[in-house]
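Heads up, work18.txt below (compact mmCIF, C-alpha atoms and all ligand atoms):
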```txt
# COMPACT_ATOMS: atom_id res chain seq x y z
CA GLY D 896 -27.78 12.17 4.47
CA ASP D 897 -28.12 8.44 4.35
CA ALA D 898 -26.42 6.71 1.45
CA VAL D 899 -28.09 3.36 2.10
CA PRO D 900 -30.81 2.58 -0.48
CA ALA D 901 -34.17 2.13 1.29
CA SER D 902 -34.46 -1.49 0.17
CA GLN D 903 -31.04 -2.36 1.67
CA ARG D 904 -31.39 -0.70 5.09
CA GLY D 905 -32.20 -3.95 6.81
CA SER D 906 -29.32 -5.86 5.32
CA TRP D 907 -26.91 -2.95 5.98
CA SER D 908 -27.81 -2.86 9.67
CA SER D 909 -27.43 -6.61 10.02
CA PHE D 910 -24.09 -6.35 8.21
CA LEU D 911 -22.99 -3.67 10.71
CA LYS D 912 -24.11 -5.89 13.58
CA SER D 913 -22.10 -8.80 12.24
CA ILE D 914 -19.03 -6.54 11.92
CA ALA D 915 -19.48 -5.36 15.51
CA SER D 916 -19.60 -8.87 16.89
CA PHE D 917 -16.73 -10.08 14.78
CA SER D 918 -13.06 -9.56 14.66
CA GLY D 919 -10.47 -10.94 12.35
CA ASP D 920 -11.28 -11.42 8.71
CA LEU D 921 -14.04 -9.08 7.53
CA SER D 922 -13.42 -9.88 3.90
CA SER D 923 -15.48 -13.06 4.11
CA LEU D 924 -18.66 -11.39 5.45
CA THR D 925 -21.53 -10.94 3.01
CA ALA D 926 -22.40 -7.28 2.48
CA PRO D 927 -25.40 -5.64 0.79
CA PRO D 928 -25.03 -4.90 -2.95
CA PHE D 929 -24.75 -1.09 -2.75
CA ILE D 930 -21.41 -1.33 -0.92
CA LEU D 931 -19.75 -3.89 -3.22
CA SER D 932 -16.78 -2.97 -5.39
CA PRO D 933 -16.17 -4.86 -8.65
CA VAL D 934 -12.41 -4.81 -8.04
CA SER D 935 -10.42 -7.51 -6.26
CA LEU D 936 -7.77 -6.73 -3.64
CA THR D 937 -5.17 -8.27 -5.97
CA GLU D 938 -5.37 -5.06 -8.04
CA PHE D 939 -4.57 -2.80 -5.09
CA PRO D 940 -0.74 -3.06 -5.21
CA ALA D 941 -0.96 -0.96 -8.41
CA TYR D 942 -1.55 2.04 -6.11
CA TRP D 943 2.16 1.94 -5.26
CA CYS D 944 3.09 3.06 -8.73
CA GLU D 945 0.28 5.18 -10.17
CA ARG D 946 2.69 8.10 -10.30
CA PRO D 947 5.56 6.31 -12.07
CA ASP D 948 7.58 9.49 -12.60
CA LEU D 949 7.91 9.92 -8.82
CA PHE D 950 8.78 6.24 -8.41
CA CYS D 951 11.49 6.51 -11.07
CA ALA D 952 12.84 9.76 -9.62
CA ILE D 953 14.06 7.71 -6.64
CA ALA D 954 16.72 6.10 -8.84
CA ASP D 955 17.94 9.48 -10.11
CA ALA D 956 18.37 10.94 -6.62
CA LYS D 957 21.80 10.84 -4.96
CA GLU D 958 22.18 8.03 -2.42
CA GLY D 959 21.71 9.23 1.17
CA GLU D 960 19.54 12.11 2.34
CA GLU D 961 18.46 13.11 -1.17
CA ARG D 962 17.27 9.61 -2.08
CA HIS D 963 15.60 9.04 1.27
CA LEU D 964 13.59 12.22 0.65
CA ALA D 965 12.68 11.03 -2.86
CA VAL D 966 11.39 7.78 -1.32
CA LEU D 967 9.36 9.77 1.22
CA GLN D 968 7.94 12.02 -1.49
CA TRP D 969 6.89 9.03 -3.60
CA PHE D 970 5.45 7.19 -0.57
CA LEU D 971 3.34 10.19 0.49
CA SER D 972 2.13 10.63 -3.07
CA THR D 973 0.77 7.05 -3.15
CA LEU D 974 -1.49 7.60 -0.11
CA LYS D 975 -4.21 9.53 -1.95
CA ASP D 976 -4.47 6.73 -4.51
CA GLN D 977 -4.32 3.95 -1.91
CA TYR D 978 -6.85 5.39 0.51
CA THR D 979 -9.19 7.90 -1.17
CA SER D 980 -9.51 6.75 -4.78
CA ARG D 981 -12.60 4.55 -4.24
CA ASN D 982 -14.37 7.54 -2.67
CA GLU D 983 -13.47 9.66 -5.67
CA GLU D 984 -14.37 7.03 -8.26
CA MET D 985 -17.31 5.23 -6.63
CA GLY D 986 -18.65 7.76 -4.12
CA SER D 987 -17.46 5.96 -0.98
CA GLU D 988 -15.13 3.26 0.23
CA LYS D 989 -16.48 -0.10 -1.02
CA LYS D 990 -15.95 -3.70 -0.07
CA PRO D 991 -13.37 -5.15 -2.48
CA LEU D 992 -13.71 -8.65 -3.92
CA ASN D 993 -12.00 -11.16 -1.65
CA PRO D 994 -9.25 -12.82 -3.73
CA VAL D 995 -8.99 -16.58 -4.04
CA LEU D 996 -5.75 -18.43 -3.33
CA GLY D 997 -3.52 -18.21 -6.40
CA GLU D 998 -5.35 -15.25 -7.95
CA LEU D 999 -3.06 -13.21 -10.24
CA PHE D 1000 -2.77 -9.69 -11.57
CA TYR D 1001 -0.08 -8.69 -14.09
CA ALA D 1002 0.19 -5.12 -15.36
CA TYR D 1003 2.69 -2.50 -16.46
CA TRP D 1004 3.32 1.20 -16.94
CA PRO D 1005 4.89 1.87 -20.33
CA ASP D 1006 8.25 3.51 -20.97
CA LYS D 1007 7.95 7.30 -21.19
CA ASN D 1008 10.71 9.91 -21.49
CA GLY D 1009 13.35 7.20 -21.16
CA ARG D 1010 12.20 6.09 -17.72
CA GLY D 1011 11.80 2.49 -18.93
CA LYS D 1012 8.94 0.04 -18.44
CA THR D 1013 7.66 -0.60 -14.91
CA THR D 1014 6.01 -3.96 -14.26
CA LEU D 1015 3.63 -5.21 -11.60
CA LEU D 1016 3.12 -8.85 -10.65
CA VAL D 1017 0.64 -9.79 -7.91
CA GLU D 1018 -0.31 -13.16 -6.42
CA GLN D 1019 -2.78 -13.97 -3.67
CA VAL D 1020 -0.56 -16.13 -1.45
CA SER D 1021 -3.10 -16.86 1.29
CA HIS D 1022 -6.89 -16.92 1.46
CA HIS D 1023 -7.40 -17.45 5.23
CA PRO D 1024 -6.24 -14.91 6.30
CA PRO D 1025 -6.09 -12.96 3.02
CA ILE D 1026 -2.49 -12.07 2.08
CA THR D 1027 -1.44 -10.47 -1.19
CA ALA D 1028 2.19 -10.50 -2.37
CA TYR D 1029 3.55 -8.24 -5.11
CA VAL D 1030 6.64 -7.08 -6.93
CA ILE D 1031 6.97 -3.81 -8.85
CA GLU D 1032 10.11 -3.51 -10.92
CA ASN D 1033 11.78 -1.08 -13.28
CA LYS D 1034 14.91 -2.71 -14.69
CA THR D 1035 16.00 0.40 -16.61
CA LYS D 1036 16.15 2.38 -13.36
CA GLY D 1037 17.28 -0.51 -11.16
CA LEU D 1038 14.21 -0.24 -8.89
CA LYS D 1039 12.41 -3.11 -7.20
CA LEU D 1040 9.60 -2.93 -4.65
CA GLU D 1041 8.65 -6.22 -3.00
CA GLY D 1042 5.97 -6.58 -0.38
CA HIS D 1043 2.95 -8.30 1.02
CA ASN D 1044 -0.24 -7.15 2.68
CA GLY D 1045 -2.72 -8.52 5.12
CA GLN D 1046 -5.21 -7.00 7.55
CA LYS D 1047 -6.34 -7.55 11.13
CA THR D 1048 -9.65 -5.86 11.76
CA THR D 1049 -11.48 -4.92 14.95
CA PHE D 1050 -14.52 -2.79 15.64
CA SER D 1051 -14.42 0.16 18.01
CA SER D 1052 -17.10 2.78 18.75
CA GLY D 1053 -18.73 2.65 15.35
CA SER D 1054 -15.56 2.37 13.27
CA ILE D 1055 -13.60 -0.49 11.76
CA ILE D 1056 -9.96 -0.41 12.85
CA VAL D 1057 -7.61 -2.08 10.38
CA LYS D 1058 -4.11 -3.01 11.45
CA GLN D 1059 -2.03 -3.72 8.38
CA ILE D 1060 0.18 -6.79 8.45
CA GLY D 1061 3.14 -6.91 6.09
CA HIS D 1062 5.62 -4.39 4.77
CA ALA D 1063 7.45 -3.44 1.61
CA ILE D 1064 11.13 -3.31 0.75
CA LEU D 1065 12.41 -1.02 -1.96
CA THR D 1066 15.79 -1.89 -3.45
CA VAL D 1067 17.64 0.67 -5.56
CA GLY D 1068 20.62 -0.39 -7.66
CA GLY D 1069 20.71 -3.83 -6.09
CA SER D 1070 21.89 -2.86 -2.59
CA ASP D 1071 20.43 0.45 -1.34
CA GLN D 1072 17.42 -0.75 0.66
CA TYR D 1073 14.44 0.97 2.26
CA LEU D 1074 11.98 -0.68 4.62
CA ILE D 1075 8.46 0.71 4.35
CA THR D 1076 5.88 -0.02 7.03
CA LEU D 1077 2.15 0.55 6.69
CA PRO D 1078 -0.24 2.86 8.56
CA ARG D 1079 -3.27 1.85 10.59
CA LEU D 1080 -6.68 2.53 9.05
CA ARG D 1081 -9.91 3.64 10.60
CA ILE D 1082 -13.04 3.20 8.52
CA ASP D 1083 -15.60 5.83 9.50
CA GLY D 1084 -18.99 6.83 8.11
CA LEU D 1085 -20.34 3.28 8.38
CA TRP D 1086 -23.60 4.24 10.09
CA TYR D 1087 -24.66 6.38 7.12
CA GLY D 1088 -23.52 3.84 4.56
CA SER D 1089 -20.78 6.10 3.21
CA PRO D 1090 -17.55 4.66 4.56
CA TYR D 1091 -14.23 6.47 4.15
CA ILE D 1092 -10.72 5.81 5.39
CA GLU D 1093 -8.76 7.89 7.85
CA LEU D 1094 -5.13 7.00 8.58
CA ALA D 1095 -3.95 6.72 12.18
CA ASP D 1096 -0.87 6.17 14.32
CA SER D 1097 2.39 6.14 12.39
CA SER D 1098 4.44 4.38 9.75
CA HIS D 1099 8.14 4.40 8.86
CA ILE D 1100 10.60 4.53 6.03
CA ILE D 1101 14.06 3.34 7.05
CA GLY D 1102 17.07 3.38 4.73
CA GLY D 1103 19.69 5.50 3.03
CA GLY D 1104 21.15 6.45 6.41
CA HIS D 1105 17.88 8.07 7.49
CA THR D 1106 14.58 7.27 9.09
CA SER D 1107 11.21 8.90 8.44
CA THR D 1108 8.46 8.66 10.99
CA ILE D 1109 5.10 9.63 9.53
CA GLU D 1110 2.40 10.44 12.07
CA TYR D 1111 -1.20 10.49 10.90
CA SER D 1112 -4.24 12.24 12.26
CA GLY D 1113 -7.70 13.21 11.15
CA LYS D 1114 -10.63 15.45 12.00
CA GLY D 1115 -10.70 16.33 15.66
CA TYR D 1116 -7.06 15.37 16.29
CA PHE D 1117 -4.06 17.72 16.60
CA SER D 1118 -4.72 19.82 13.52
CA GLY D 1119 -8.45 19.20 13.31
CA LYS D 1120 -8.21 18.51 9.57
CA SER D 1121 -8.82 15.22 7.73
CA HIS D 1122 -5.92 13.29 6.24
CA THR D 1123 -3.24 15.23 8.11
CA PHE D 1124 0.32 14.02 8.63
CA LYS D 1125 3.63 15.09 10.05
CA ALA D 1126 6.81 13.47 8.77
CA THR D 1127 10.01 13.70 10.79
CA VAL D 1128 13.21 12.71 9.01
CA ALA D 1129 16.32 12.01 11.05
CA PRO D 1130 19.78 10.77 10.14
CA LEU D 1131 20.87 7.41 11.52
CA PRO D 1132 24.50 7.63 12.54
CA GLY D 1133 26.56 4.49 12.17
CA MET D 1134 24.27 2.86 9.66
CA GLY D 1135 26.89 2.92 6.95
CA GLY D 1136 26.42 4.09 3.40
CA GLY D 1137 24.59 7.25 2.51
CA ASN D 1138 24.86 10.51 4.42
CA GLN D 1139 26.07 9.96 7.90
CA LEU D 1140 25.82 12.47 10.67
CA LEU D 1141 29.12 14.36 10.85
CA PRO D 1142 30.18 16.35 13.89
CA PRO D 1143 30.41 20.08 13.01
CA ALA D 1144 34.24 20.08 12.96
CA GLN D 1145 34.29 17.56 10.15
CA SER D 1146 31.41 19.01 8.21
CA SER D 1147 32.28 20.49 4.85
CA GLY D 1148 31.08 23.98 5.81
CA GLY D 1149 30.18 26.68 3.31
CA GLY D 1150 26.49 26.96 4.18
CA LYS D 1151 25.36 23.62 2.77
CA GLY D 1152 26.25 21.22 5.60
CA TRP D 1153 23.88 19.74 8.13
CA PHE D 1154 24.55 22.39 10.75
CA SER D 1155 26.18 25.35 9.09
CA SER D 1156 22.96 27.12 8.20
CA SER D 1157 21.18 26.25 11.41
CA LYS D 1158 21.10 28.22 14.66
CA ASN D 1159 22.30 25.12 16.50
CA ALA D 1160 25.51 24.88 14.52
CA SER D 1161 27.56 24.01 17.57
CA SER D 1162 25.30 21.22 18.70
CA SER D 1163 25.75 17.71 17.41
CA SER D 1164 22.49 16.39 18.84
CA LEU D 1165 20.29 14.38 16.51
CA ALA D 1166 17.35 16.71 17.07
CA SER D 1167 19.06 19.66 15.41
CA ALA D 1168 19.45 17.67 12.20
CA GLU D 1169 15.81 16.68 12.07
CA LEU D 1170 13.73 17.62 9.08
CA VAL D 1171 9.98 18.13 9.40
CA ILE D 1172 7.26 18.13 6.75
CA GLU D 1173 3.58 18.74 7.44
CA GLY D 1174 0.44 18.73 5.36
CA THR D 1175 -2.48 16.69 4.11
CA TRP D 1176 -1.49 13.50 2.32
CA HIS D 1177 -4.31 13.70 -0.26
CA GLU D 1178 -3.32 17.28 -1.21
CA THR D 1179 -0.01 18.98 -0.47
CA SER D 1180 2.65 19.32 2.21
CA THR D 1181 5.22 21.91 3.18
CA TRP D 1182 8.71 21.89 4.68
CA VAL D 1183 8.41 23.05 8.29
CA LYS D 1184 12.05 22.39 9.22
CA GLY D 1185 13.87 22.19 5.94
CA VAL D 1186 17.60 22.65 6.43
CA THR D 1187 18.76 19.98 3.98
CA SER D 1188 21.99 19.22 2.13
CA LYS D 1189 20.42 21.09 -0.80
CA GLY D 1190 19.95 24.26 1.23
CA THR D 1191 17.16 25.64 3.38
CA LEU D 1192 13.77 24.62 2.04
CA THR D 1193 11.62 25.71 4.99
CA GLY D 1194 8.30 27.09 3.80
CA THR D 1195 8.46 25.48 0.35
CA LYS D 1196 6.27 22.68 -0.99
CA PHE D 1197 7.25 19.04 -0.43
CA HIS D 1198 4.63 16.90 -2.15
CA ASP D 1199 1.62 17.78 -4.30
CA VAL D 1200 -1.00 15.36 -5.62
CA THR D 1201 -3.72 17.89 -6.34
CA PRO D 1202 -5.18 17.58 -9.86
CA GLY D 1203 -2.94 19.27 -12.42
CA SER D 1204 0.13 19.03 -10.19
CA GLY D 1205 3.46 17.70 -11.39
CA ALA D 1206 2.88 14.20 -10.02
CA LYS D 1207 0.76 12.77 -12.84
CA LYS D 1208 -1.47 9.77 -12.23
CA GLU D 1209 -1.21 6.89 -14.72
CA ASP D 1210 -3.35 3.75 -14.50
CA ALA D 1211 -1.51 0.47 -14.91
CA ILE D 1212 -2.19 -1.37 -18.17
CA PRO D 1213 -3.40 -4.87 -17.27
CA VAL D 1214 -1.96 -7.85 -19.11
CA GLY D 1215 -4.93 -10.04 -19.87
CA GLY D 1216 -6.98 -11.81 -22.51
CA GLU D 1217 -4.84 -13.50 -25.15
CA GLU D 1218 -1.58 -12.39 -23.58
CA ALA D 1219 -2.48 -13.78 -20.17
CA GLY D 1220 -2.18 -17.37 -21.38
CA ALA D 1221 -0.45 -18.96 -18.43
CA MET D 1222 -2.64 -17.21 -15.86
CA GLY D 1223 -5.70 -19.05 -17.10
CA GLU D 1224 -8.66 -18.96 -14.73
CA TYR D 1225 -6.61 -17.21 -12.06
CA GLU D 1226 -6.29 -13.90 -13.83
CA THR D 1227 -8.30 -11.64 -11.52
CA ARG D 1228 -10.38 -9.89 -14.19
CA LYS D 1229 -11.22 -13.18 -15.85
CA LEU D 1230 -12.00 -14.97 -12.60
CA TRP D 1231 -14.31 -12.17 -11.36
CA GLY D 1232 -15.57 -11.12 -14.81
CA VAL D 1233 -19.20 -12.15 -14.36
CA VAL D 1234 -19.35 -10.93 -10.74
CA ALA D 1235 -17.81 -7.56 -11.64
CA LYS D 1236 -20.18 -7.06 -14.57
CA GLY D 1237 -23.16 -7.90 -12.37
CA ILE D 1238 -22.06 -5.41 -9.69
CA LYS D 1239 -21.44 -2.67 -12.24
CA GLU D 1240 -24.75 -3.21 -14.01
CA GLY D 1241 -26.86 -3.74 -10.90
CA ASP D 1242 -27.53 -7.40 -11.71
CA PHE D 1243 -26.76 -8.64 -8.22
CA GLU D 1244 -28.47 -11.97 -8.71
CA THR D 1245 -26.04 -12.97 -11.44
CA ALA D 1246 -23.16 -11.49 -9.42
CA SER D 1247 -23.94 -13.44 -6.27
CA LYS D 1248 -24.60 -16.64 -8.18
CA ASP D 1249 -21.18 -16.54 -9.81
CA LYS D 1250 -19.51 -15.48 -6.57
CA SER D 1251 -20.99 -18.61 -4.94
CA ARG D 1252 -19.75 -20.74 -7.83
CA ILE D 1253 -16.19 -19.41 -7.34
CA GLU D 1254 -16.31 -19.92 -3.59
CA ASN D 1255 -17.70 -23.45 -3.87
CA GLU D 1256 -15.04 -24.41 -6.39
CA GLN D 1257 -12.39 -23.08 -4.01
CA ARG D 1258 -13.79 -25.00 -1.07
CA GLN D 1259 -13.79 -28.19 -3.17
CA LYS D 1260 -10.15 -27.58 -4.24
CA ARG D 1261 -9.05 -27.23 -0.60
CA LYS D 1262 -10.94 -30.43 0.33
CA ASP D 1263 -9.33 -32.34 -2.55
CA GLU D 1264 -5.88 -31.08 -1.53
CA GLN D 1265 -6.45 -32.11 2.05
CA ALA D 1266 -7.58 -35.57 0.99
CA ALA D 1267 -4.54 -35.93 -1.26
CA GLY D 1268 -2.21 -34.52 1.39
CA THR D 1269 -1.02 -31.82 -0.97
CA GLU D 1270 -0.89 -28.03 -0.75
CA TRP D 1271 -1.69 -25.41 -3.35
CA PRO D 1272 1.69 -24.42 -4.84
CA LEU D 1273 2.46 -20.71 -5.03
CA LYS D 1274 3.41 -19.68 -8.56
CA HIS D 1275 5.72 -16.69 -8.11
CA PHE D 1276 6.69 -16.47 -4.42
CA LYS D 1277 8.35 -18.53 -1.73
CA HIS D 1278 7.11 -18.11 1.82
CA GLU D 1279 9.65 -17.51 4.60
CA ASP D 1280 9.02 -17.11 8.33
CA SER D 1281 11.33 -14.16 8.79
CA ASP D 1282 12.71 -11.24 6.84
CA PRO D 1283 16.36 -10.30 7.51
CA VAL D 1284 16.01 -6.84 5.92
CA TYR D 1285 12.97 -6.06 8.09
CA GLU D 1286 14.89 -7.26 11.16
CA ARG D 1287 18.04 -5.26 10.38
CA LEU D 1288 16.36 -1.97 9.43
CA GLY D 1289 13.42 -2.29 11.85
CA LYS D 1290 15.83 -2.25 14.82
CA PHE D 1291 16.49 1.45 14.27
CA VAL D 1292 12.94 2.31 15.34
CA LYS D 1293 12.32 -0.78 17.49
CA LEU D 1294 9.60 -2.04 15.17
CA GLN D 1295 6.93 -4.33 16.59
CA PRO D 1296 6.78 -7.20 15.77
CA PRO D 1297 10.61 -7.61 15.53
CA THR D 1298 10.25 -9.76 12.43
CA GLU D 1299 7.59 -10.54 9.82
CA ASP D 1300 6.94 -13.18 7.20
CA LYS D 1301 8.50 -12.74 3.82
CA TYR D 1302 7.30 -13.67 0.35
CA THR D 1303 10.37 -13.89 -1.87
CA PHE D 1304 9.76 -13.36 -5.57
CA LEU D 1305 11.12 -16.29 -7.59
CA GLY D 1306 12.02 -14.05 -10.54
CA ASN D 1307 9.84 -16.09 -12.91
CA TYR D 1308 8.29 -13.31 -14.95
CA PRO D 1309 5.84 -14.38 -17.66
CA ALA D 1310 7.05 -13.53 -21.17
CA THR D 1311 4.46 -10.75 -21.46
CA LEU D 1312 5.96 -8.86 -18.51
CA ALA D 1313 9.60 -9.63 -19.17
CA ALA D 1314 9.68 -7.92 -22.56
C1 LIG V 1 -3.73 -2.65 0.76
C2 LIG V 1 -5.80 -0.68 1.10
C3 LIG V 1 -5.96 -2.00 1.81
C4 LIG V 1 -5.16 -3.07 1.04
C5 LIG V 1 -7.47 -2.43 1.83
C6 LIG V 1 -9.63 -2.64 4.79
C7 LIG V 1 -10.04 -2.96 3.35
C8 LIG V 1 -9.17 -4.11 2.82
C9 LIG V 1 -7.70 -3.70 2.68
C10 LIG V 1 -5.40 -1.86 3.23
C11 LIG V 1 -3.69 -1.36 -0.06
O1 LIG V 1 -2.34 -0.99 -0.27
C12 LIG V 1 -4.45 -0.25 0.67
C13 LIG V 1 -6.86 0.16 0.90
C14 LIG V 1 -8.23 -0.10 1.33
C15 LIG V 1 -8.38 -1.28 2.32
C16 LIG V 1 -9.81 -1.78 2.37
C17 LIG V 1 -10.91 -0.79 2.78
C18 LIG V 1 -12.00 -1.72 3.26
O2 LIG V 1 -13.07 -1.33 3.65
C19 LIG V 1 -11.58 -3.15 3.25
C20 LIG V 1 -12.32 -4.00 4.33
C21 LIG V 1 -11.90 -5.47 4.33
C22 LIG V 1 -13.81 -3.98 4.07
O3 LIG V 1 -14.24 -4.25 2.97
C23 LIG V 1 -14.71 -3.58 5.22
C24 LIG V 1 -16.19 -3.59 4.93
C25 LIG V 1 -16.71 -2.48 4.02
C26 LIG V 1 -18.22 -2.54 3.95
C27 LIG V 1 -16.33 -1.08 4.38
C28 LIG V 1 -16.32 -0.26 3.15
```

Render the structure in this file as structure tokens.
Ligand code: 0T9
Amino acid sequence: GDAVPASQRGSWSSFLKSIASFSGDLSSLTAPPFILSPVSLTEFPAYWCERPDLFCAIADAKEGEERHLAVLQWFLSTLKDQYTSRNEEMGSEKKPLNPVLGELFYAYWPDKNGRGKTTLLVEQVSHHPPITAYVIENKTKGLKLEGHNGQKTTFSSGSIIVKQIGHAILTVGGSDQYLITLPRLRIDGLWYGSPYIELADSSHIIGGGHTSTIEYSGKGYFSGKSHTFKATVAPLPGMGGGNQLLPPAQSSGGGKGWFSSSKNASSSSLASAELVIEGTWHETSTWVKGVTSKGTLTGTKFHDVTPGSGAKKEDAIPVGGEEAGAMGEYETRKLWGVVAKGIKEGDFETASKDKSRIENEQRQKRKDEQAAGTEWPLKHFKHEDSDPVYERLGKFVKLQPPTEDKYTFLGNYPATLAA
């Protein structure tokens, strides 16, 4: 069936034509009303922590293999929220509001069962191209996730291909660091006006003496099923810290070591120590090769985000209104308030009028800055041209590009988040 309202067919097909003849920054193209989302991209980093119990479990896991697997389990469990939640909540993928430079989103997940408060601070650090920087922190657990996100889009045989720019770094206890890279997206279903995301290629988690390579595929690929992945976890010898690969002679023995319960006990090749998990990222996954330091887990469940599963979803509580004080006009829900209300209530005239007002004001600000020879100052982050942690950890899987920009959080939490 066709999800495009009859009255918007013309504007949808011209929108598709403009996408097809365009590459780079899709966010600035004007789309027909039925495909608009009332939510700005500055709210998206909340997806990283909508299952705070899994995030906090990382801190409780033993450094090394066990913690690396906790990071992988949390990461996989964020994918459903990151990439299918608009379909579930709004019927299809929608075009998010394109954040303005300096736009802010502050939110938190409250303390529960002694896990402590988890805070989220987001700032739009670039408008052209759009780049969003964020920090998610739980001081009680000693967890900090810092990252930034941008997109490079192209069009290929009816689909939008989105290459994600940026990465995230998770720090546990101040020094145990994990580099997280981001998958490629393919937006399908455009022709019928019901876009959805499929993940493609691969992404990595590197840290804790291990590396995870997560390969993604969809309908018509190796398994034929949507939202399929295969994660391969391998130890990184010589990385220091965490579980290192020990030759069999030095292994502790007793059935719990890397090799003792495997058929290849005499081999010290990396491949024999590999762990493999397969499944669908929006549902569940299973250990396919599960000889871990905790015993043999082959055949048992690895992650589960189906409704009613253990990994509960909790929406972030936004800090706004009175409390937002210092954010002023730049608080995302305040800035886009009229536009969002218009989109939700079908009053697209009001929505587009206010959207134009915001965009014109922004253009004027940039002109004024140029005339004055000044630049918009970032509030919470400092831009750097390279990221030493990305460079150091990325070498293990020969990441391309070999370095990336970095947005370093200045640590200047507003009082409302610090408490
Ligand atoms: C980081 C996420 C990202 C942002 C969005 C591609 C996209 C903008 C970026 C990558 C988050 O961690 C995860 C989820 C969804 C991604 C968005 C989906 C999407 O369609 C938009 C792009 C810019 C469009 O709006 C394309 C036009 C639209 C009509 C298709 C629905």

Exercise. Quick one: residues within 9 Å of D:Trp1271, only C-alpha atoms counted, chain neighbours fewer than 2 positions away excluded, as a list of chain:residue names?
Worked result: D:Leu996, D:Gly997, D:Lys1260, D:Arg1261, D:Glu1264, D:Thr1269, D:Leu1273

Determine, using only C-alpha atoms and all ligand atoms, which residues of chain D have any atom at most 9 Å from an atom of ligand LIG 1 (chain V), and tabulate each with its shortest atom pair and distance in Å to one decimal place, rows ordered by chain and then rising number, as a tab-separated table.
```
residue	atom	partner	partner_atom	distance
D:Trp907	CA	V:LIG1	C26	8.9
D:Phe910	CA	V:LIG1	C26	8.2
D:Leu911	CA	V:LIG1	C26	8.4
D:Ile914	CA	V:LIG1	C24	8.1
D:Asp920	CA	V:LIG1	C21	7.4
D:Leu921	CA	V:LIG1	C21	5.3
D:Ser922	CA	V:LIG1	C21	4.7
D:Ser923	CA	V:LIG1	C21	8.4
D:Leu924	CA	V:LIG1	C24	8.2
D:Ala926	CA	V:LIG1	C26	6.5
D:Pro927	CA	V:LIG1	C26	8.4
D:Ile930	CA	V:LIG1	C26	5.9
D:Leu931	CA	V:LIG1	C26	7.5
D:Ser932	CA	V:LIG1	O3	8.8
D:Leu936	CA	V:LIG1	C4	6.5
D:Thr937	CA	V:LIG1	C4	8.7
D:Glu938	CA	V:LIG1	C11	9.0
D:Phe939	CA	V:LIG1	C11	5.3
D:Pro940	CA	V:LIG1	O1	5.6
D:Ala941	CA	V:LIG1	O1	8.3
D:Tyr942	CA	V:LIG1	O1	6.6
D:Trp943	CA	V:LIG1	O1	7.3
D:Leu974	CA	V:LIG1	C12	8.4
D:Asp976	CA	V:LIG1	C12	8.7
D:Gln977	CA	V:LIG1	C12	4.9
D:Tyr978	CA	V:LIG1	C13	5.2
D:Thr979	CA	V:LIG1	C13	8.3
D:Arg981	CA	V:LIG1	C14	8.5
D:Ser987	CA	V:LIG1	C28	7.6
D:Glu988	CA	V:LIG1	C28	4.7
D:Lys989	CA	V:LIG1	C28	4.2
D:Lys990	CA	V:LIG1	O3	3.5
D:Pro991	CA	V:LIG1	O3	5.6
D:Leu992	CA	V:LIG1	O3	8.2
D:Asn993	CA	V:LIG1	C21	8.3
D:Thr1027	CA	V:LIG1	C1	8.4
D:His1043	CA	V:LIG1	C1	8.8
D:Asn1044	CA	V:LIG1	C1	6.0
D:Gly1045	CA	V:LIG1	C4	7.2
D:Gln1046	CA	V:LIG1	C9	6.4
D:Lys1047	CA	V:LIG1	C6	8.7
D:Thr1048	CA	V:LIG1	C6	7.7
D:Ile1055	CA	V:LIG1	C23	7.3
D:Ile1056	CA	V:LIG1	C6	8.4
D:Val1057	CA	V:LIG1	C6	6.0
D:Lys1058	CA	V:LIG1	C10	8.4
D:Gln1059	CA	V:LIG1	C10	6.4
D:Leu1077	CA	V:LIG1	O1	8.4
D:Pro1078	CA	V:LIG1	C10	8.8
D:Arg1079	CA	V:LIG1	C10	8.5
D:Leu1080	CA	V:LIG1	C6	7.3
D:Arg1081	CA	V:LIG1	C6	8.6
D:Ile1082	CA	V:LIG1	O2	6.7
D:Asp1083	CA	V:LIG1	C27	8.6
D:Leu1085	CA	V:LIG1	C27	7.1
D:Gly1088	CA	V:LIG1	C26	8.3
D:Ser1089	CA	V:LIG1	C28	7.8
D:Pro1090	CA	V:LIG1	C28	5.3
D:Tyr1091	CA	V:LIG1	C28	7.1
D:Ile1092	CA	V:LIG1	C17	7.1
```

Exercise. Between atom CA of D:Pro1272 and atom CA of D:Tyr1003, what is the spacing in Å?
Worked result: 24.8 Å

Problem set entry | Polymer residues at most 10 Å from D:Lys1036, all atoms listed in the file, same-chain spacing of 6 or more positions, as a list in words | Phe950, Cys951, Ala952, Ile953, Ala954, Asp955, Gly1009, Arg1010, Gly1011, Lys1012, Thr1013, Val1067 and Gly1068 of chain D

For this session: Pull the neighbourhood of (1.2, 17.4, -3.4) for me: all residues within 6 Å in file coordinates, counting all atoms listed in the file, as an MDAnalysis selection string.
Result: chainID D and resid 1178:1179 1198:1201

Problem set entry | Pick from D:Val1186, D:Val995, D:Leu1016, D:Ala915, whichever lies nearest to D:Gly1053 using all atoms listed in the file |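 Among the listed residues, D:Ala915 lies closest to D:Gly1053.
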
Problem set entry | Distance in Å - atom CA of D:Gly1069 versus atom CA of D:Ile1101 | 16.4 Å
